[in-house]
Structures are given as C-alpha cells and as structure tokens.
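*Asks:* The structure is given below, and queries will be raised subsequently.
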Amino acid sequence: MSDLQERAQALDLADELAPRRALFTLDDTVYLDGNSLGALPRHVPARLQEVLTREWGELRIRSWDESGWWTAPERIGDRIAPLVGAAAGQIVVGDSTSVNVFKAVVAASRLAPGGRDEILVDAATFPTDGYIAESAARMTGHRIVPVAPADVPDALGPRTAAVLLNHVDFRTGRLHDLPGLTAAVHAAGAVAAWDLCHSAGALPVGLDAHGVDLAVGCTYKYLNGGPGSPAYLYVAERHQAAFDSPLPGWTSHADPFAMTPGYAPADGAVRGRVGTPDILSMLALEASLDVWDGVGIESVRAKSLALTDFFLECVAAYAPEGRVASVTPAAHAERGSQVALRCADAAPVMSALIERGVVGDLRRPDVLRFGFTPLYVGFADAERAARVLADVLAGPAA
C-alpha cells in the first residue's frame with residue numbers, strides 16, 4: 001500500500017461526514033459526476049412508493065390539501081434556504097433552471113431604475129443562461145453585454161440594468177466572488193442575479209448576508225433531487241412586493257381558485273410560481289433533502305476543499321508528467337467543488353476511466369471534469385480515481 005493510500009484511509013477514518021455515505025445507493029464505482037447528477041438517497045424509493053400508492057392512488061385530488069401538495073413549492077424552498085444562506089419565505093421550488101433564469105432576468109430588468117438598457121452576462125456562462133438572457137433582452141428592449149466575471153466592475157455603468165453571473169464556472173470549477181461582485185453591481189445601481197447550480201450544496205453561498213437580489217439553481221446536482229428535479233427561484237424579501245414575473249401563472253395568483261380573468265400577484269416568493277407543480281419529482285426532492293438534516297454547509301465546504309486538494313496531490317504524484325494540467329484554481333477562495341483537468345485526448349481517456357469504474361464527465365474539447373460531493377465521496381475514492389487516471393494515461397490506448 002502506498003503512502004497516499006494509507007493517508008486516504010486515515011482521512012476517511014477522521015471524516016465526520018463519512019457516515020452520510022450510508023444514506024445513498026452506491027456501488028464499487030468511484031462516482032465523481034455528482035455535479036451533473038447526484039446519487040440516489042436510499043429512502044427516496046419508499047417515499048415515492050407512498051406518494052404513488054396512498055397520496056395519489058387512494059387520496060387522489062384530496063392530496064392537494066391533505067398531503068400538502070399545494071404548499072410544497074414554498075415548503076421545500078424553506079428547506080433549501082439554509083443551504084444557500086437565505087431566511088425562510090424567499091425561495092420557491094418549481095420549473096426548470098432555464099425557466100427560472102428567464103423569470104429572474106426579466107424581473108431584474110424590471111426592478112432596475114428606468115432608462116437602463118444593458119444586461120451584463122457571464123461570457124463563459126452555461127449555454128442555456130446565455131440563450132435565455134438573449135431572448136429576455138430582445139423581449140424587454142435590452143442589450144446583452146458578455147463579460148468575464150472578473151471584469152464586471154469595469155463594465156458596469158449607468159446603462160447597466162442587471163447582471164447575470166454563475167457562482168461557479170461549470171467547465172473549470174472557478175468560484176467567482178459573489179460578495180464583491182454583488183456589491184459592485186449595487187454600487188452601480190443595478191440588480192444582481194446569480195446562478196447557483198454548481199455551488200448550492202457544495203459551499204456556503206450567503207444570499208441574504210451578501211445582499212443578492214435574485215438567484216436560481218437546480219436541485220439534481222449536489223442536492224441529489226433526481227434527474228430533472230425542479231429548480232428554485234430566490235427573490236430577496238425586499239424585492240418581493242415589486243417582483244414582476246414575466247410568467248404570471250395561475251398558481252402565483254393571490255386567489256388562484258377565484259379563476260378571475262385579471263391577474264393579481266400573491267404576496268411573497270409565491271409570486272415566482274407559474275403552473276401546477278410537478279408533484280412526483282418535487283416530493284422526491286423533498287425526501288432527498290433529508291440527507292442534509294444536521295449537516296452544516298461549512299463542514300461540507302471544508303471536506304470539499306480537502307478532497308480536491310488531495311485529488312490534485314494524487315494526480316501530481318501518479319500521472320505521467322505533462323499529460324494533464326488543472327484548469328481549476330489552486331486557491332481555495334477561487335475553487336468550487338470540482339477539478340477540471342485539461343487533457344489532449346480527453347474523450348477516449350474519460351471513456352476508459354468509466355470502463356474502469358471511475359465516473360467523471362467530459363467537457364469538449366479537452367476537459368476531464370471530476371465533481372466531489374462531500375456527503376458520499378471519500379478520500380479513498382479520490383486516491384483511486386487519480387491512480388486509475390494515471391494508469392489510463394500511461395496505457396497504450398492513451
């Protein structure tokens with residue numbers, strides 16, 4: 001056994017989050033793709049079976065009241081709130097991330113002072129955010145200005161209405177300065193909207209503490225809500241009375257069952273709802289969030305940094321020189337919970353890794369991406385992944 005393997009075992013024994021691993025359905029695979037789809041919590045199938053057989057099968061329509069279906073979007077939002085540093089009553093769950101980005105960008109432009117016609121968007125954003133922002137800009141008479149997050153302070157001006165940024169870059173794992181950039185946006189008189197898809201559940205966000213205006217995020221990555229689980233929308237309490245959704249659906253109406261032709265928005269974050277909630281996936285998400293009970297996000301962050309540090313150390317020790325290079329920042333303040341390695345033949349290398357039981361993913365053309373989900377990934381996993389990567393890189397197929 002190598003020194004790194006011995007260290008990995010010792011680190012796992014000292015890991016306070018290690019018992020959480022037993023809460024998930026796992027196998028011998030080293031699963032480092034939880035930043036795309038989180039693992040299944042073991043108790044979720046039984047909960048879904050109850051929803052199907054009793055709540056839907058027996059109670060049927062009565063479950064909207066008796067099983068709490070109608071209030072699920074706000075109730076589950078309040079469970080997500082502590083993980084992103086928000087007080088209750090500011091997050092509503094529902095729709096996809098793309099739909100919520102549209103709501104946030106349009107609402108942000110409407111919250112901004114009049115006469116402003118520019119929306120700044122992260123130039124390296126996840127494609128959907130860019131597509132949606134472009135469409136929202138066309139519809140609202142604004143102009144999109146792509147800008148690198150680090151350059152946002154210099155790009156802000158009297159024409160800036162809103163800024164849409166990613167907390168963590170999905171390709172590189174770079175963590176952007178949410179507190180500093182939000183403050184800069186506010187100093188310019190604009191509205192700050194953040195995409196938390198690659199940070200919520202992996203590190204502290206501090207939405208309330210840092211004065212974020214609007215935020216969106218998905219729940220199927222670090223929150224383990226399941227494939228296609230509903231996203232969420234954060235509307236800071238100070239903006240809720242003025243929040244003007246571009247999708248005023250019936251479930252966000254102040255009196256939805258009055259069925260009146262005129263729209264009157266509900267109070268609070270409820271006005272971020274649109275149509276009938278997707279109850280099956282929503283309740284699967286609610287059950288999945290049980291794995292977070294008693295977990296502090298600061299402990300998750302500490303383990304995340306330790307895991308990614310250790311993985312990078314193992315890669316440096318094992319991998320053939322010059323075959324891979326990290327594009328994820330070394331500085332903790334600039335790193336999310338993933339490691340992205342540039343590799344000339346990334347596609348066949350990732351295929352070989354998956355065949356050998358190490359599951360990451362590929363970001364074309366040349367990035368191997370490994371996500372570290374601290375609730376169920378351990379240090380022995382990190383060491384094994386680096387060792388298998390080295391074997392693949394040294395092999396004839398590479």
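Identifiers in the structure tokens: chain A, B, ... in order shown; residue index from 1 per chain; ligand index from 1 in order shown.
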Contacts of segment 305-322 of chain A at 6 Å or less, counting only C-alpha atoms, minus same-chain residues fewer than 2 places along, as a list in words?
*Replies:*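 Returned residues: Ala302, Lys303, Val324, Ala382, Ala386 and Ala390 of chain A.
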*Asks:* Could you turn the residues from that selection into a file that holds C-alpha atoms, as a compact mmCIF listing (two decimals), in the first residue's frame?
*Replies:*
# COMPACT_ATOMS: atom_id res chain seq x y z
CA ALA A 302 -14.09 22.03 4.48
CA LYS A 303 -14.27 18.46 3.23
CA VAL A 324 -2.84 16.63 -17.74
CA ALA A 382 -10.08 10.45 -4.72
CA ALA A 386 -6.13 9.54 -9.57
CA ALA A 390 -2.58 7.59 -14.25
*Asks:* Using only C-alpha atoms, find the one residue out of A:Leu280, A:Ala108, A:Ala183, A:Val235 that sits nearest to Leu156 of chain A.
*Replies:*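 Answer, going by the shortest atom-to-atom distance: A:Ala183.
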*Asks:* When you count only C-alpha atoms, which of these residues is closest to Thr25 of chain A: A:Gly38, A:Ala352, A:Leu165, A:Ala107?
*Replies:*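 Nearest to Thr25 of chain A: A:Gly38.
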*Asks:* Restricting the calculation to only C-alpha atoms: of A:Thr160, A:Asn166, A:Gln90, A:Ser281, which residue gets closest to Leu120 of chain A?
*Replies:*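 Counting only C-alpha atoms, the residue closest to Leu120 of chain A is A:Thr160.
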*Asks:* Please list as a CSV table (one decimal) with C-alpha atoms, in the first residue's frame every residue within 8 Å of His253 of chain A, counting only C-alpha atoms and excluding residues in the same chain fewer than 4 positions away.
*Replies:*
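Writing the result to result00.csv gives the following:
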chain,number,residue,atom,x,y,z
A,248,PRO,CA,-47.8,35.2,-14.3
A,249,GLY,CA,-49.3,31.7,-13.9
A,263,TYR,CA,-54.0,38.8,-12.7
A,264,ALA,CA,-53.3,39.8,-9.1
A,265,PRO,CA,-49.9,38.5,-7.8
A,266,ALA,CA,-49.7,36.7,-4.5
A,271,ARG,CA,-45.4,35.1,-7.0
*Asks:* Give the answer as one residue: which of A:Val44, A:Ala162, A:Leu353, A:Leu362 has the shortest atom-to-atom distance to Gly395 of chain A, using only C-alpha atoms?
*Replies:*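 The closest residue to Gly395 of chain A is A:Leu353.
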*Asks:* DSSP on the backbone: what in segment 188-320 of chain A comes out strand (DSSP E), as a ChimeraX atom specification?
*Replies:* /A:191-195,214-217,232-235
*Asks:* Write out the residues from the selection above, keeping N, CA and C atoms, as a PDB file, in the first residue's frame.
*Replies:*
ATOM      1  N   VAL A 191     -29.099  45.464 -10.664  1.00  0.00           N
ATOM      2  CA  VAL A 191     -29.659  44.323  -9.930  1.00  0.00           C
ATOM      3  C   VAL A 191     -28.819  43.087 -10.217  1.00  0.00           C
ATOM      4  N   ALA A 192     -28.489  42.342  -9.155  1.00  0.00           N
ATOM      5  CA  ALA A 192     -27.624  41.174  -9.278  1.00  0.00           C
ATOM      6  C   ALA A 192     -28.430  39.883  -9.212  1.00  0.00           C
ATOM      7  N   ALA A 193     -28.273  39.048 -10.246  1.00  0.00           N
ATOM      8  CA  ALA A 193     -28.899  37.725 -10.278  1.00  0.00           C
ATOM      9  C   ALA A 193     -27.800  36.679 -10.425  1.00  0.00           C
ATOM     10  N   TRP A 194     -27.872  35.618  -9.634  1.00  0.00           N
ATOM     11  CA  TRP A 194     -26.821  34.598  -9.621  1.00  0.00           C
ATOM     12  C   TRP A 194     -27.393  33.219  -9.940  1.00  0.00           C
ATOM     13  N   ASP A 195     -26.623  32.446 -10.685  1.00  0.00           N
ATOM     14  CA  ASP A 195     -26.916  31.040 -10.963  1.00  0.00           C
ATOM     15  C   ASP A 195     -26.080  30.202  -9.999  1.00  0.00           C
ATOM     16  N   LEU A 214     -31.625  38.364  -6.711  1.00  0.00           N
ATOM     17  CA  LEU A 214     -32.325  37.213  -7.270  1.00  0.00           C
ATOM     18  C   LEU A 214     -31.321  36.090  -7.496  1.00  0.00           C
ATOM     19  N   ALA A 215     -31.781  34.866  -7.383  1.00  0.00           N
ATOM     20  CA  ALA A 215     -30.900  33.727  -7.652  1.00  0.00           C
ATOM     21  C   ALA A 215     -31.735  32.556  -8.128  1.00  0.00           C
ATOM     22  N   VAL A 216     -31.097  31.699  -8.901  1.00  0.00           N
ATOM     23  CA  VAL A 216     -31.736  30.468  -9.383  1.00  0.00           C
ATOM     24  C   VAL A 216     -30.775  29.313  -9.164  1.00  0.00           C
ATOM     25  N   GLY A 217     -31.312  28.117  -9.165  1.00  0.00           N
ATOM     26  CA  GLY A 217     -30.442  26.952  -9.043  1.00  0.00           C
ATOM     27  C   GLY A 217     -31.201  25.681  -9.344  1.00  0.00           C
ATOM     28  N   TYR A 232     -35.226  26.086  -8.464  1.00  0.00           N
ATOM     29  CA  TYR A 232     -35.779  27.021  -7.487  1.00  0.00           C
ATOM     30  C   TYR A 232     -35.413  28.454  -7.865  1.00  0.00           C
ATOM     31  N   LEU A 233     -36.191  29.362  -7.326  1.00  0.00           N
ATOM     32  CA  LEU A 233     -36.006  30.793  -7.544  1.00  0.00           C
ATOM     33  C   LEU A 233     -35.973  31.497  -6.198  1.00  0.00           C
ATOM     34  N   TYR A 234     -34.938  32.301  -5.986  1.00  0.00           N
ATOM     35  CA  TYR A 234     -34.808  33.116  -4.774  1.00  0.00           C
ATOM     36  C   TYR A 234     -35.151  34.553  -5.125  1.00  0.00           C
ATOM     37  N   VAL A 235     -36.077  35.138  -4.384  1.00  0.00           N
ATOM     38  CA  VAL A 235     -36.409  36.555  -4.518  1.00  0.00           C
ATOM     39  C   VAL A 235     -36.226  37.184  -3.142  1.00  0.00           C
TER      40      VAL A 235
END
*Asks:* If you count only C-alpha atoms, which residues fall within 9 Å of Val152 of chain A, apart from same-chain ones fewer than 4 positions away, as number ranges by chain?
*Replies:* A: 120, 122, 147-148, 156, 163, 181, 184-185
*Asks:* Mind writing the picked residues with N, CA, C and O atoms as an mmCIF file, in the first residue's frame?
*Replies:*
data_model
loop_
_atom_site.group_PDB
_atom_site.id
_atom_site.type_symbol
_atom_site.label_atom_id
_atom_site.label_comp_id
_atom_site.auth_asym_id
_atom_site.auth_seq_id
_atom_site.Cartn_x
_atom_site.Cartn_y
_atom_site.Cartn_z
ATOM 1 N N LEU A 120 -25.644 42.669 -18.337
ATOM 2 C CA LEU A 120 -24.336 42.022 -18.382
ATOM 3 C C LEU A 120 -24.511 40.539 -18.069
ATOM 4 O O LEU A 120 -25.218 40.177 -17.121
ATOM 5 N N ASP A 122 -22.328 36.720 -17.828
ATOM 6 C CA ASP A 122 -21.079 35.971 -17.763
ATOM 7 C C ASP A 122 -20.736 35.436 -19.158
ATOM 8 O O ASP A 122 -21.492 34.667 -19.752
ATOM 9 N N VAL A 147 -19.412 39.501 -20.584
ATOM 10 C CA VAL A 147 -18.241 39.999 -19.872
ATOM 11 C C VAL A 147 -17.729 38.915 -18.930
ATOM 12 O O VAL A 147 -18.514 38.173 -18.335
ATOM 13 N N ALA A 148 -16.419 38.800 -18.812
ATOM 14 C CA ALA A 148 -15.843 37.875 -17.839
ATOM 15 C C ALA A 148 -16.176 38.373 -16.438
ATOM 16 O O ALA A 148 -16.127 39.583 -16.179
ATOM 17 N N LEU A 156 -19.488 47.801 -15.593
ATOM 18 C CA LEU A 156 -20.713 48.402 -15.066
ATOM 19 C C LEU A 156 -20.772 49.892 -15.386
ATOM 20 O O LEU A 156 -19.746 50.568 -15.469
ATOM 21 N N VAL A 163 -27.284 42.149 -13.925
ATOM 22 C CA VAL A 163 -26.108 41.328 -14.180
ATOM 23 C C VAL A 163 -26.452 39.892 -13.806
ATOM 24 O O VAL A 163 -26.940 39.632 -12.703
ATOM 25 N N LEU A 181 -18.699 41.018 -6.198
ATOM 26 C CA LEU A 181 -19.361 41.376 -7.447
ATOM 27 C C LEU A 181 -20.777 41.888 -7.184
ATOM 28 O O LEU A 181 -21.231 42.835 -7.845
ATOM 29 N N ALA A 184 -20.433 45.437 -6.114
ATOM 30 C CA ALA A 184 -20.110 46.310 -7.242
ATOM 31 C C ALA A 184 -21.343 46.593 -8.097
ATOM 32 O O ALA A 184 -21.560 47.729 -8.551
ATOM 33 N N VAL A 185 -22.154 45.558 -8.319
ATOM 34 C CA VAL A 185 -23.390 45.738 -9.088
ATOM 35 C C VAL A 185 -24.306 46.730 -8.394
ATOM 36 O O VAL A 185 -24.882 47.636 -9.021
#
*Asks:* A:Thr182, A:Thr29, A:Ser135, A:Asn35: which is nearest Val388 of chain A, counting only C-alpha atoms?
*Replies:*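 Smallest distance to Val388 of chain A is found for A:Thr29.
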*Asks:* If we count only C-alpha atoms, what is near Asp208 of chain A at a cut-off of 8 Å, once residues fewer than 6 positions away on the same chain are taken out, given as number ranges by chain?
*Replies:* A: 85-87, 236
*Asks:* Give me the residues within 12 Å of Asp27 of chain A as a PDB file with all heavy atoms, in the first residue's frame, counting only C-alpha atoms and dropping any in the same chain fewer than 2 places off.
*Replies:*
ATOM      1  N   ARG A  21     -22.412   8.626   3.893  1.00  0.00           N
ATOM      2  CA  ARG A  21     -22.312   7.789   2.697  1.00  0.00           C
ATOM      3  C   ARG A  21     -23.320   6.648   2.718  1.00  0.00           C
ATOM      4  O   ARG A  21     -23.881   6.266   1.680  1.00  0.00           O
ATOM      5  CB  ARG A  21     -20.888   7.242   2.587  1.00  0.00           C
ATOM      6  CG  ARG A  21     -20.591   6.431   1.326  1.00  0.00           C
ATOM      7  CD  ARG A  21     -19.173   5.894   1.372  1.00  0.00           C
ATOM      8  NE  ARG A  21     -18.847   5.083   0.202  1.00  0.00           N
ATOM      9  CZ  ARG A  21     -18.181   5.528  -0.849  1.00  0.00           C
ATOM     10  NH1 ARG A  21     -17.764   6.784  -0.885  1.00  0.00           N
ATOM     11  NH2 ARG A  21     -17.922   4.724  -1.869  1.00  0.00           N
ATOM     12  N   ALA A  22     -23.597   6.127   3.899  1.00  0.00           N
ATOM     13  CA  ALA A  22     -24.526   5.007   4.028  1.00  0.00           C
ATOM     14  C   ALA A  22     -25.960   5.389   3.677  1.00  0.00           C
ATOM     15  O   ALA A  22     -26.812   4.503   3.488  1.00  0.00           O
ATOM     16  CB  ALA A  22     -24.473   4.445   5.449  1.00  0.00           C
ATOM     17  N   PHE A  24     -26.866   6.744   0.951  1.00  0.00           N
ATOM     18  CA  PHE A  24     -27.010   6.772  -0.505  1.00  0.00           C
ATOM     19  C   PHE A  24     -26.893   5.375  -1.102  1.00  0.00           C
ATOM     20  O   PHE A  24     -26.252   4.485  -0.538  1.00  0.00           O
ATOM     21  CB  PHE A  24     -25.940   7.674  -1.122  1.00  0.00           C
ATOM     22  CG  PHE A  24     -26.101   9.131  -0.775  1.00  0.00           C
ATOM     23  CD1 PHE A  24     -25.550   9.647   0.387  1.00  0.00           C
ATOM     24  CD2 PHE A  24     -26.813   9.982  -1.606  1.00  0.00           C
ATOM     25  CE1 PHE A  24     -25.700  10.978   0.716  1.00  0.00           C
ATOM     26  CE2 PHE A  24     -26.975  11.307  -1.289  1.00  0.00           C
ATOM     27  CZ  PHE A  24     -26.415  11.817  -0.121  1.00  0.00           C
ATOM     28  N   THR A  25     -27.494   5.198  -2.272  1.00  0.00           N
ATOM     29  CA  THR A  25     -27.373   3.962  -3.033  1.00  0.00           C
ATOM     30  C   THR A  25     -26.119   4.047  -3.887  1.00  0.00           C
ATOM     31  O   THR A  25     -26.075   4.782  -4.880  1.00  0.00           O
ATOM     32  CB  THR A  25     -28.607   3.756  -3.931  1.00  0.00           C
ATOM     33  OG1 THR A  25     -29.779   3.697  -3.104  1.00  0.00           O
ATOM     34  CG2 THR A  25     -28.477   2.483  -4.742  1.00  0.00           C
ATOM     35  N   THR A  29     -18.235   1.661  -7.852  1.00  0.00           N
ATOM     36  CA  THR A  29     -17.785   2.729  -8.742  1.00  0.00           C
ATOM     37  C   THR A  29     -17.343   3.941  -7.936  1.00  0.00           C
ATOM     38  O   THR A  29     -17.943   4.280  -6.905  1.00  0.00           O
ATOM     39  CB  THR A  29     -18.937   3.142  -9.685  1.00  0.00           C
ATOM     40  OG1 THR A  29     -19.310   2.019 -10.467  1.00  0.00           O
ATOM     41  CG2 THR A  29     -18.542   4.284 -10.586  1.00  0.00           C
ATOM     42  N   VAL A  30     -16.310   4.613  -8.397  1.00  0.00           N
ATOM     43  CA  VAL A  30     -15.947   5.925  -7.848  1.00  0.00           C
ATOM     44  C   VAL A  30     -16.768   6.946  -8.639  1.00  0.00           C
ATOM     45  O   VAL A  30     -16.500   7.197  -9.820  1.00  0.00           O
ATOM     46  CB  VAL A  30     -14.443   6.216  -7.997  1.00  0.00           C
ATOM     47  CG1 VAL A  30     -14.135   7.621  -7.497  1.00  0.00           C
ATOM     48  CG2 VAL A  30     -13.630   5.198  -7.221  1.00  0.00           C
ATOM     49  N   TYR A  31     -17.771   7.486  -7.993  1.00  0.00           N
ATOM     50  CA  TYR A  31     -18.718   8.352  -8.693  1.00  0.00           C
ATOM     51  C   TYR A  31     -18.341   9.817  -8.476  1.00  0.00           C
ATOM     52  O   TYR A  31     -18.593  10.388  -7.404  1.00  0.00           O
ATOM     53  CB  TYR A  31     -20.144   8.084  -8.216  1.00  0.00           C
ATOM     54  CG  TYR A  31     -21.182   8.819  -9.037  1.00  0.00           C
ATOM     55  CD1 TYR A  31     -21.340   8.541 -10.394  1.00  0.00           C
ATOM     56  CD2 TYR A  31     -21.988   9.789  -8.469  1.00  0.00           C
ATOM     57  CE1 TYR A  31     -22.279   9.215 -11.165  1.00  0.00           C
ATOM     58  CE2 TYR A  31     -22.935  10.465  -9.217  1.00  0.00           C
ATOM     59  CZ  TYR A  31     -23.078  10.176 -10.572  1.00  0.00           C
ATOM     60  OH  TYR A  31     -24.009  10.857 -11.324  1.00  0.00           O
ATOM     61  N   ALA A  39     -26.227  11.261  -6.456  1.00  0.00           N
ATOM     62  CA  ALA A  39     -26.601   9.877  -6.185  1.00  0.00           C
ATOM     63  C   ALA A  39     -27.971   9.797  -5.514  1.00  0.00           C
ATOM     64  O   ALA A  39     -28.453  10.757  -4.908  1.00  0.00           O
ATOM     65  CB  ALA A  39     -25.540   9.223  -5.302  1.00  0.00           C
ATOM     66  N   LEU A  40     -28.581   8.630  -5.613  1.00  0.00           N
ATOM     67  CA  LEU A  40     -29.913   8.407  -5.054  1.00  0.00           C
ATOM     68  C   LEU A  40     -29.849   8.156  -3.547  1.00  0.00           C
ATOM     69  O   LEU A  40     -29.212   7.194  -3.107  1.00  0.00           O
ATOM     70  CB  LEU A  40     -30.552   7.197  -5.735  1.00  0.00           C
ATOM     71  CG  LEU A  40     -31.860   6.669  -5.141  1.00  0.00           C
ATOM     72  CD1 LEU A  40     -32.983   7.673  -5.348  1.00  0.00           C
ATOM     73  CD2 LEU A  40     -32.220   5.319  -5.751  1.00  0.00           C
ATOM     74  N   GLY A 357     -14.388   1.978 -13.909  1.00  0.00           N
ATOM     75  CA  GLY A 357     -15.092   2.240 -12.662  1.00  0.00           C
ATOM     76  C   GLY A 357     -14.859   3.587 -12.032  1.00  0.00           C
ATOM     77  O   GLY A 357     -15.148   3.765 -10.843  1.00  0.00           O
ATOM     78  N   VAL A 358     -14.374   4.555 -12.793  1.00  0.00           N
ATOM     79  CA  VAL A 358     -14.228   5.923 -12.300  1.00  0.00           C
ATOM     80  C   VAL A 358     -15.066   6.817 -13.206  1.00  0.00           C
ATOM     81  O   VAL A 358     -14.733   7.008 -14.382  1.00  0.00           O
ATOM     82  CB  VAL A 358     -12.761   6.391 -12.299  1.00  0.00           C
ATOM     83  CG1 VAL A 358     -12.666   7.860 -11.895  1.00  0.00           C
ATOM     84  CG2 VAL A 358     -11.937   5.528 -11.350  1.00  0.00           C
ATOM     85  N   VAL A 359     -16.161   7.342 -12.663  1.00  0.00           N
ATOM     86  CA  VAL A 359     -17.114   8.088 -13.475  1.00  0.00           C
ATOM     87  C   VAL A 359     -16.954   9.587 -13.238  1.00  0.00           C
ATOM     88  O   VAL A 359     -17.267  10.104 -12.161  1.00  0.00           O
ATOM     89  CB  VAL A 359     -18.564   7.664 -13.171  1.00  0.00           C
ATOM     90  CG1 VAL A 359     -19.550   8.489 -14.013  1.00  0.00           C
ATOM     91  CG2 VAL A 359     -18.741   6.176 -13.446  1.00  0.00           C
ATOM     92  N   TYR A 376     -20.954  11.882   0.063  1.00  0.00           N
ATOM     93  CA  TYR A 376     -20.740  10.457  -0.193  1.00  0.00           C
ATOM     94  C   TYR A 376     -19.436  10.116  -0.901  1.00  0.00           C
ATOM     95  O   TYR A 376     -19.146   8.950  -1.122  1.00  0.00           O
ATOM     96  CB  TYR A 376     -21.910   9.856  -0.979  1.00  0.00           C
ATOM     97  CG  TYR A 376     -22.255  10.534  -2.282  1.00  0.00           C
ATOM     98  CD1 TYR A 376     -21.551  10.271  -3.450  1.00  0.00           C
ATOM     99  CD2 TYR A 376     -23.317  11.422  -2.353  1.00  0.00           C
ATOM    100  CE1 TYR A 376     -21.879  10.879  -4.653  1.00  0.00           C
ATOM    101  CE2 TYR A 376     -23.669  12.037  -3.553  1.00  0.00           C
ATOM    102  CZ  TYR A 376     -22.948  11.763  -4.697  1.00  0.00           C
ATOM    103  OH  TYR A 376     -23.281  12.371  -5.870  1.00  0.00           O
ATOM    104  N   VAL A 377     -18.627  11.090  -1.237  1.00  0.00           N
ATOM    105  CA  VAL A 377     -17.310  10.815  -1.824  1.00  0.00           C
ATOM    106  C   VAL A 377     -16.258  10.899  -0.729  1.00  0.00           C
ATOM    107  O   VAL A 377     -16.249  11.838   0.075  1.00  0.00           O
ATOM    108  CB  VAL A 377     -16.983  11.806  -2.955  1.00  0.00           C
ATOM    109  CG1 VAL A 377     -15.538  11.646  -3.424  1.00  0.00           C
ATOM    110  CG2 VAL A 377     -17.940  11.593  -4.125  1.00  0.00           C
ATOM    111  N   ASP A 381     -11.718   7.283  -2.481  1.00  0.00           N
ATOM    112  CA  ASP A 381     -12.261   7.464  -3.832  1.00  0.00           C
ATOM    113  C   ASP A 381     -11.357   8.384  -4.647  1.00  0.00           C
ATOM    114  O   ASP A 381     -11.063   8.120  -5.814  1.00  0.00           O
ATOM    115  CB  ASP A 381     -13.662   8.075  -3.774  1.00  0.00           C
ATOM    116  CG  ASP A 381     -14.690   7.164  -3.140  1.00  0.00           C
ATOM    117  OD1 ASP A 381     -14.622   5.951  -3.374  1.00  0.00           O
ATOM    118  OD2 ASP A 381     -15.563   7.675  -2.411  1.00  0.00           O
TER     119      ASP A 381
END
*Asks:* Between atom CA of Ile76 of chain A and atom CA of Ala242 of chain A, what is the distance in Å, rounded to a tenth?
*Replies:*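 Separation between atom CA of Ile76 of chain A and atom CA of Ala242 of chain A: 23.2 Å.
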*Asks:* Got a sec: who's within 8 Å of Thr128 of chain A, counting only C-alpha atoms, leaving out chain neighbours fewer than 3 positions off, as a list in words?
*Replies:* Ser98, Tyr131 and Ile132 of chain A
*Asks:* Take the selection from the previous step and output its residues with N, CA and C atoms, as an mmCIF file, in the first residue's frame.
*Replies:*
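Wrote it out as again-v8.cif, contents follow:
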data_model
loop_
_atom_site.group_PDB
_atom_site.id
_atom_site.type_symbol
_atom_site.label_atom_id
_atom_site.label_comp_id
_atom_site.auth_asym_id
_atom_site.auth_seq_id
_atom_site.Cartn_x
_atom_site.Cartn_y
_atom_site.Cartn_z
ATOM 1 N N SER A 98 -33.796 26.799 -16.517
ATOM 2 C CA SER A 98 -33.931 27.695 -17.661
ATOM 3 C C SER A 98 -35.127 28.626 -17.495
ATOM 4 N N TYR A 131 -28.546 31.753 -23.747
ATOM 5 C CA TYR A 131 -29.670 31.729 -24.686
ATOM 6 C C TYR A 131 -30.895 32.441 -24.091
ATOM 7 N N ILE A 132 -31.196 32.102 -22.854
ATOM 8 C CA ILE A 132 -32.365 32.690 -22.195
ATOM 9 C C ILE A 132 -32.197 34.192 -22.017
#
